[in-house]
Each structure stands twice: as C-alpha cells, then as structure tokens.
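Working notes for the structure below.
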Amino acid sequence: MIQAYALQAGLLVPVAVTGEGRDAAVWIDMASPTDADEALVEQWLGIDVPTRDEMNEIELSSRLYSEGDVQFMTAAITANTHQERPQIGSVTFILGAGKLVTVRYIEPSTFTRFAERGARTPLGCQNATSLLLALLEAIVGRAADVIEQVGGDIADLSERIFYPAASKASRRDRDFQLILRKIGRKEELLASLQDSLHTLQRVAGYLAYITDREKDHRHRIRSLSRDVTSLADYSERLSQKIFFLLDATLGMISIEQNAIIKIVSVLATVFLPPTLVASIYGMNFEHMPELHWTYGYPLALLAMVAAAALPFWYIKKKGWL
C-alpha cells in the first residue's frame, strides 16, 4: 500500500500517487509494498527501492548508503510494544529529489500517529529533510514512552518480588512463576528497543554527515543523537535491573523450596526415633519380658513421645527451624 502526503501550510495532506499529486507529494509511505507498488515508485522517482531481504541485511554498507543524490538509511523499529510479543523490523528511509520515501513491512503506531498529528497540527517542516527529522523524533519519543513504561513495570515487579502479598507458600510459588514470565517479556522488549536505538544512532550520525552544510538541521540532529544515547544508557540500566530481578526471583523460589525441604527433613528426624521404638515393640518375639508388663504399653507410648520431643527440642534450640 502506498500513501502519499504533501505539505500545505505546515500540515500533512494526503494526495494521490497519480496526476498532480505526484508533484506535490513530499512523503511517500510504502507499507508492505507489492511488486507493483515498488515498480510504480521506482518509475515515478527513478530510484531503486530496496527489497525486504536487502533491508534486513546487517552490513552497515547495506543500511546506510547513497546512490547519486539519493540517500538510503535503514533502521530497526519496534511495533506492537503494548502486546505480549512485540515485533521489530527494518524501515528504510529514502531521501532524495525533494521527497522522503519510507519502506516498511511492519505497522509501528508511530507512523499512523505522526500522519494524524501532522494533519491537525503544523509540524514546522519545510522540506523532506525536516520531515524526516520530525518523523525520527516521533519514533524516538515513542521509544522513550515505552522505555518509561517498562521502567514502571520493573518497579512493580520488584515490589511483588520483595514484598509478596500471598501468605501461602504455594500461592507465592505461582506468583513467582508469573513474575518470571513477565521478566522474560520485559527483557525481550528492552532488547528490541536497544537494537532499535542502536540503528537510530547510526542513522542520526549519517544524517549529521550528509546535512553538514544545512545549519538549520544541525541542532535537531545533535538533539536527536543525544536523546537516543541517553535512552540507550537508560535502557541498559533497566536491562541490568531486570537481570538482578531475575536472580532475585530465582533466589526467592530456591528459598521457598529449601524451607519446604527443611520442614520435611525436620519432621522425618522428629518421627524417626518414635518409629524405631514402635518397630522394636512390634516384633513380637517370644522372649520379650516387656510384653507381659502391666505398664508396658503406657511406658512404650511415653518412650515414643520422649524420643520425638527430644530431637524437636534440640532442633529448636539450635535455631534450625
């Protein structure tokens, strides 16, 4: 699908990709383009639109390059960050001939929101380059919102780990299992955001190089680069905290399991001596004088109680329970 936009009084206005719309269009957004869409844009602008496989190549030379006066920049962008399984995909920004072309096979909410906001509020953009900078700023702003939300979720997980609400050990174990799953999802999301920020940092550096003579853009590019760097540092700290919470959760689970095993071991130790006494007097040999005692039965019961009470008293005195 191809959606074209023109700048009119600072606003983004949808235009047709045929007729007069071609000349007025400043931003051409290609979402999951077909072969026919690629052929149309290539014929329209005289550029070679990269394929999906070419966009996913990891070499720096394949992600940031120029062909004549046309610049190609590919960055990893996250999508569906509000869902359990976020996505990350490559988005190529093509800048040339006074137009911005975006090629993507994912649906980040930033693109839709940017177009909607641009239709209501002037973006302060005069050309394709300033439009690209505004779009990148929106992408970085969205990443900042997601990272901030992840930070809040991590704080909630920390509260649940160190101050569990459940009093029963079985309930706490179930809670810890759920926490482990949430920790894994947050780490997956943070890893995707870190990959995205890393590629956006490269794009910002490349933009600084190709727009070196345009003073109006230098400040915005430097600010964009600083924002990306600070977000990358913050996400790295959050990632370290997630690993700490993972270790803490596993430690809590181990403590709960050890407590259960300790109780079982103490009970086995306490009831072993009475079992020994009962076993002795349950053998029924012929020559056992205790079998004929009048007080043999209560004495055996007393011996079993004493055999259980003494180990229990010793264990409590040592603080093992």
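Chain labels run A, B, ... following the order of the structure tokens; each chain numbers its residues from 1, and ligands are numbered from 1 in the order shown.
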
Find the residues around Gly205 (chain A) up to 9 Å (only C-alpha atoms counted), leave out those fewer than 6 positions away in its own chain, and share them as a PDB file with all heavy atoms, in the first residue's frame.
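Saved to around_35.pdb:
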```pdb
ATOM      1  N   ILE A 221      19.557  17.470  14.777  1.00  0.00           N
ATOM      2  CA  ILE A 221      20.256  16.179  14.681  1.00  0.00           C
ATOM      3  C   ILE A 221      21.069  15.914  15.935  1.00  0.00           C
ATOM      4  O   ILE A 221      21.072  14.787  16.465  1.00  0.00           O
ATOM      5  CB  ILE A 221      21.149  16.141  13.425  1.00  0.00           C
ATOM      6  CG1 ILE A 221      20.285  16.187  12.162  1.00  0.00           C
ATOM      7  CG2 ILE A 221      22.024  14.885  13.424  1.00  0.00           C
ATOM      8  CD1 ILE A 221      21.090  16.280  10.882  1.00  0.00           C
ATOM      9  N   ARG A 222      21.755  16.934  16.449  1.00  0.00           N
ATOM     10  CA  ARG A 222      22.515  16.759  17.697  1.00  0.00           C
ATOM     11  C   ARG A 222      21.583  16.423  18.851  1.00  0.00           C
ATOM     12  O   ARG A 222      21.886  15.563  19.687  1.00  0.00           O
ATOM     13  CB  ARG A 222      23.328  18.021  18.008  1.00  0.00           C
ATOM     14  CG  ARG A 222      24.568  18.201  17.142  1.00  0.00           C
ATOM     15  CD  ARG A 222      25.508  19.228  17.782  1.00  0.00           C
ATOM     16  NE  ARG A 222      24.872  20.549  17.855  1.00  0.00           N
ATOM     17  CZ  ARG A 222      24.991  21.490  16.951  1.00  0.00           C
ATOM     18  NH1 ARG A 222      25.719  21.275  15.854  1.00  0.00           N
ATOM     19  NH2 ARG A 222      24.407  22.674  17.091  1.00  0.00           N
ATOM     20  N   SER A 225      20.452  12.863  18.456  1.00  0.00           N
ATOM     21  CA  SER A 225      21.518  11.929  18.818  1.00  0.00           C
ATOM     22  C   SER A 225      21.683  11.827  20.325  1.00  0.00           C
ATOM     23  O   SER A 225      21.870  10.733  20.874  1.00  0.00           O
ATOM     24  CB  SER A 225      22.833  12.372  18.167  1.00  0.00           C
ATOM     25  OG  SER A 225      23.871  11.473  18.474  1.00  0.00           O
TER      26      SER A 225
END
```

Quiz prompt | Nearby residues (only C-alpha atoms) at most 10 Å from region 100-102 of chain A, same-chain spacing under 4 positions excluded, as a VMD selection string | solution = chain A and resid 2 4 to 5 25 to 31 41 45 49 70 to 74 91 to 96 111 127 to 132

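Taking only C-alpha atoms into account, Asp48 (chain A) lies nearest to A:Ser66 out of the set A:Gln149, A:Ser66, A:Ser32, A:Thr229.
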
Quiz item: A:Gly151, A:Gly10, A:Gly251, A:Pro311: which is nearest Pro122 (chain A), counting only C-alpha atoms?
Solution: A:Gly10

Quiz item: Of the residues A:Thr112, A:Thr249, A:Ser235, A:Thr275, which is the one nearest to Glu188 (chain A), using only C-alpha atoms?
Solution: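 Closest to Glu188 (chain A), using only C-alpha atoms: A:Ser235.
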
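For the choices A:Ala75, A:Ala155, A:Leu64, A:Ala6, the atom-to-atom distance to His198 (chain A) is smallest for A:Ala75 when using only C-alpha atoms.
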
Quiz item: Near Leu276 (chain A), within 10 Å and counting only C-alpha atoms, which residues show up once chain neighbours fewer than 5 positions away are dropped, as an MDAnalysis selection string?
Solution: chainID A and resid 271 281:282 304 307

Quiz item: Pick from A:Met252, A:Ala115, A:Ala138, A:Leu299: nearest to Pro164 (chain A), with only C-alpha atoms counted?
Solution: A:Met252

Exercise. Compare A:Ile77, A:Ala303, A:Ile280, A:Met288 by their minimum atom-to-atom distance to Leu189 (chain A), counting only C-alpha atoms, and give me the closest one.
Key: A:Ile77

Exercise. Find the spatial neighbours of region 141-145 of chain A, counting only C-alpha atoms, within a cut-off of 9 Å - ignore same-chain residues fewer than 4 positions away - and output them as number ranges by chain.
Key: A: 78, 109-110, 136-137, 149-150, 193, 196-197, 227-228, 231
